[in-house]
>>> print(open('query27.cif').read())   # mmCIF, C-alpha atoms and all ligand atoms
data_structure
#
loop_
_atom_site.label_atom_id
_atom_site.label_comp_id
_atom_site.auth_asym_id
_atom_site.auth_seq_id
_atom_site.Cartn_x
_atom_site.Cartn_y
_atom_site.Cartn_z
CA CYS A 1 -3.50 -26.24 -13.22
CA VAL A 2 -3.06 -26.84 -9.50
CA THR A 3 -2.25 -30.52 -9.11
CA GLY A 4 -2.26 -30.85 -5.34
CA VAL A 5 -1.09 -29.57 -1.98
CA GLN A 6 2.47 -30.55 -1.18
CA THR A 7 3.82 -30.31 2.33
CA CYS A 8 6.88 -32.46 1.75
CA ALA A 9 9.24 -33.33 -1.08
CA LEU A 10 10.03 -29.65 -1.54
CA PRO A 11 13.37 -28.46 -2.79
CA ILE A 12 15.75 -27.91 0.14
CA PHE A 13 15.87 -24.14 -0.32
CA LEU A 14 12.11 -23.90 0.09
CA GLN A 15 12.13 -26.08 3.17
CA GLU A 16 14.62 -23.71 4.80
CA PHE A 17 12.59 -20.69 3.74
CA SER A 18 9.46 -22.27 5.16
CA LEU A 19 11.02 -23.06 8.53
CA GLN A 20 11.84 -19.37 9.09
CA LEU A 21 8.29 -18.34 8.29
CA ARG A 22 6.54 -21.03 10.26
CA ILE A 23 7.10 -19.08 13.48
CA LEU A 24 4.23 -16.77 12.59
CA PHE A 25 2.80 -17.86 9.28
CA GLN A 26 1.39 -21.05 7.86
CA GLN A 27 1.95 -21.87 4.24
CA GLN A 28 0.74 -24.35 1.73
CA TYR A 29 2.62 -25.13 -1.42
CA PHE A 30 0.99 -25.85 -4.72
CA ILE A 31 2.67 -27.35 -7.74
CA THR A 32 1.53 -25.64 -10.92
CA LYS A 33 2.78 -25.74 -14.48
CA GLU A 34 4.87 -22.66 -13.65
CA GLY A 35 6.45 -24.25 -10.58
CA LEU A 36 5.95 -24.00 -6.84
CA VAL A 37 3.65 -21.33 -5.49
CA MET A 38 3.60 -20.33 -1.84
CA ILE A 39 0.21 -19.63 -0.30
CA VAL A 40 0.19 -18.03 3.14
CA THR A 41 -2.93 -19.34 4.86
CA GLU A 42 -2.59 -17.79 8.31
CA ARG A 43 -1.19 -14.34 8.90
CA LYS A 44 0.22 -12.42 11.80
CA THR A 45 -2.26 -9.70 12.65
CA ASP A 46 -1.44 -6.69 14.79
CA ILE A 47 -4.25 -4.69 16.35
CA PHE A 48 -3.20 -1.28 17.59
CA GLU A 49 -5.55 0.78 19.78
CA ARG A 50 -5.57 4.50 19.08
CA ARG A 51 -2.44 4.14 16.95
CA ALA A 52 -0.46 7.40 16.84
CA GLY A 53 -3.29 9.12 18.69
CA GLY A 54 -5.91 7.94 16.20
CA LYS A 55 -9.42 6.69 16.87
CA GLY A 56 -10.40 3.05 17.44
CA ASN A 57 -8.25 0.21 16.13
CA THR A 58 -5.75 -0.02 13.32
CA ILE A 59 -5.61 -3.63 12.16
CA MET A 60 -2.55 -4.78 10.21
CA GLU A 61 -2.66 -8.19 8.53
CA HIS A 62 0.92 -8.94 7.55
CA ILE A 63 1.05 -10.46 4.08
CA VAL A 64 4.33 -12.26 4.66
CA ASP A 65 6.87 -12.34 7.45
CA GLU A 66 9.01 -9.24 6.82
CA LYS A 67 12.10 -11.33 7.65
CA VAL A 68 12.04 -12.60 4.07
CA TYR A 69 13.15 -9.10 2.99
CA GLY A 70 16.33 -9.17 5.08
CA GLY A 71 15.73 -5.82 6.81
CA LYS A 72 14.81 -3.81 3.70
CA ILE A 73 11.07 -3.86 4.37
CA ALA A 74 9.59 -3.06 7.79
CA ALA A 75 6.08 -4.18 6.87
CA TYR A 76 3.97 -5.30 3.95
CA ALA A 77 0.43 -5.48 5.24
CA ARG A 78 -3.25 -5.15 4.54
CA VAL A 79 -4.53 -2.39 6.80
CA ILE A 80 -8.14 -2.40 7.97
CA LEU A 81 -9.80 0.63 9.51
CA LYS A 82 -13.44 0.20 10.55
CA PRO A 83 -15.79 3.15 9.95
CA GLY A 84 -14.77 6.08 12.16
CA CYS A 85 -11.35 4.64 12.95
CA SER A 86 -8.10 6.39 12.12
CA LEU A 87 -4.36 6.01 12.19
CA GLY A 88 -3.22 9.27 13.77
CA TYR A 89 -0.82 11.85 12.41
CA HIS A 90 2.76 10.60 12.61
CA LYS A 91 6.18 11.32 11.16
CA HIS A 92 8.14 8.66 9.28
CA GLU A 93 11.60 8.57 10.83
CA GLY A 94 13.84 6.17 8.95
CA THR A 95 11.04 4.66 6.88
CA SER A 96 8.86 5.57 3.93
CA GLU A 97 5.32 4.29 3.36
CA THR A 98 3.28 3.59 0.26
CA ILE A 99 -0.47 3.11 0.74
CA TYR A 100 -2.76 1.66 -1.92
CA ILE A 101 -6.48 1.96 -1.21
CA LEU A 102 -8.40 -1.24 -1.99
CA GLN A 103 -11.85 -0.34 -0.66
CA GLY A 104 -13.63 2.45 1.15
CA THR A 105 -13.27 6.18 1.61
CA ALA A 106 -10.36 7.76 3.44
CA LEU A 107 -9.55 11.24 4.64
CA TYR A 108 -5.82 11.43 4.09
CA ASN A 109 -3.63 14.11 5.65
CA ASP A 110 -0.38 14.58 3.72
CA ASN A 111 1.85 16.92 5.77
CA GLY A 112 -1.17 19.04 6.68
CA THR A 113 -2.99 18.89 3.32
CA GLU A 114 -6.19 16.83 3.39
CA ASN A 115 -7.57 14.81 0.48
CA THR A 116 -10.29 12.19 0.11
CA LEU A 117 -9.05 8.87 -1.25
CA THR A 118 -11.05 6.02 -2.75
CA ALA A 119 -10.22 2.61 -4.24
CA GLY A 120 -7.25 2.71 -6.58
CA ALA A 121 -5.60 5.75 -5.00
CA VAL A 122 -1.94 5.52 -4.10
CA VAL A 123 -0.17 7.82 -1.67
CA PHE A 124 3.51 7.92 -0.79
CA CYS A 125 4.96 9.30 2.44
CA PRO A 126 8.72 9.75 2.04
CA GLU A 127 11.18 9.38 4.92
CA GLY A 128 10.99 12.43 7.19
CA GLU A 129 7.43 13.40 6.18
CA SER A 130 4.13 12.98 8.04
CA HIS A 131 0.65 11.65 7.40
CA SER A 132 -2.57 10.32 8.89
CA ILE A 133 -5.49 8.35 7.48
CA GLU A 134 -9.10 8.08 8.65
CA ASN A 135 -12.03 5.99 7.48
CA ILE A 136 -14.79 8.53 6.79
CA GLY A 137 -17.02 6.09 4.84
CA GLN A 138 -19.68 3.53 5.77
CA ASP A 139 -17.64 0.46 4.78
CA ASP A 140 -14.40 -0.90 6.13
CA LEU A 141 -11.39 0.91 4.71
CA LEU A 142 -8.97 -1.62 3.24
CA ALA A 143 -5.51 -0.64 2.06
CA MET A 144 -2.17 -2.21 1.32
CA ALA A 145 0.74 -0.59 3.15
CA LEU A 146 4.39 -1.08 2.27
CA ILE A 147 6.84 0.36 4.81
CA VAL A 148 10.44 0.50 3.56
CA ASN A 149 13.45 0.95 5.84
CA GLU A 150 15.32 3.94 4.40
CA LYS A 151 18.24 3.95 6.86
MN MN A 201 2.68 5.81 8.29
#
>>> encode(input="query27.cif", output="structure tokens", more="lines below")
Ligand code: MN
Amino acid sequence: CVTGVQTCALPIFLQEFSLQLRILFQQQYFITKEGLVMIVTERKTDIFERRAGGKGNTIMEHIVDEKVYGGKIAAYARVILKPGCSLGYHKHEGTSETIYILQGTALYNDNGTENTLTAGAVVFCPEGESHSIENIGQDDLLAMALIVNEK
């Protein structure tokens, strides 16, 4: 029931919201029966080399600009690790992290205990604890990561 792409004639509150995001993200708005839906069409992507002492690149595609959360969320991102790449072992100081595996096979180190994760697995690293994640499969490892500011 999408009736068209609207880039103007938006309610004022959405225009203001959009202006903040436009620094890094591009949105389209669709009018549906349920109301206005925001579609982010271009995302900020961070590529970290050997992140936390890991191997290769950690790619983070930010789903929305974290500014919309007013400081409560540090990042909400789709993380991509190519085969053989890893995000090294690190401690979460002041943040927690929830990871949801979308695709691939991961070797996950939870405070020194290793487990293999596949699609559908969810792991939680509370504030003050440590973890690492490595793509040990043949396909790209895709995961959603939510990093919450705990302090
Ligand atoms: Mn982490």
>>> residues_near_ligand(input="query27.cif", ligand="ligand MN 201 (chain A)", cutoff="8 Å", atoms="only C-alpha atoms and all ligand atoms", output="NGL selection string")
:A and (90-92 or 96-97 or 125 or 130-132 or 147)
>>> closest_residue(input="query27.cif", among="A:Glu66, A:Glu129, A:Asp139, A:Glu49", to="Pro83 in chain A", atoms="all atoms listed in the file")
A:Asp139
>>> atom_distance(input="query27.cif", atom1="CA of Gly53 in chain A", atom2="CA of Glu150 in chain A")
24.0 Å
>>> closest_residue(input="query27.cif", among="A:Ile133, A:Gln138, A:His62, A:Leu102", to="Ala121 in chain A", atoms="only C-alpha atoms")
A:Leu102
>>> atom_distance(input="query27.cif", atom1="CA of Glu134 in chain A", atom2="CA of Ile73 in chain A")
23.8 Å
>>> residues_around(input="query27.cif", residues="Tyr108 in chain A", least_positions_apart="5", cutoff="12 Å", atoms="only C-alpha atoms", output="ChimeraX atom specification")
/A:86-89,99-101,113-118,121-125,130-136,141
>>> atom_distance(input="query27.cif", atom1="CA of Arg50 in chain A", atom2="CA of Lys67 in chain A")
26.3 Å
>>> residues_around(input="query27.cif", residues="Arg78 in chain A", least_positions_apart="2", cutoff="8 Å", atoms="all atoms listed in the file", output="JSON, numbers by chain")
{"A": [60, 61, 62, 63, 76, 80, 142, 143, 144, 145]}
>>> closest_residue(input="query27.cif", among="A:Lys55, A:Lys82, A:Lys72, A:Lys151", to="Glu127 in chain A", atoms="all atoms listed in the file")
A:Lys151
>>> closest_residue(input="query27.cif", among="A:Asp110, A:Gly128, A:Ile47, A:Thr105", to="Gly84 in chain A", atoms="only C-alpha atoms")
A:Thr105
>>> closest_residue(input="query27.cif", among="A:Val79, A:Ala119, A:Ala74, A:Ala106", to="Gly137 in chain A", atoms="all atoms listed in the file")
A:Ala106
>>> closest_residue(input="query27.cif", among="A:Asp140, A:Pro126, A:Ala75, A:Lys44", to="Gly104 in chain A", atoms="all atoms listed in the file")
A:Asp140
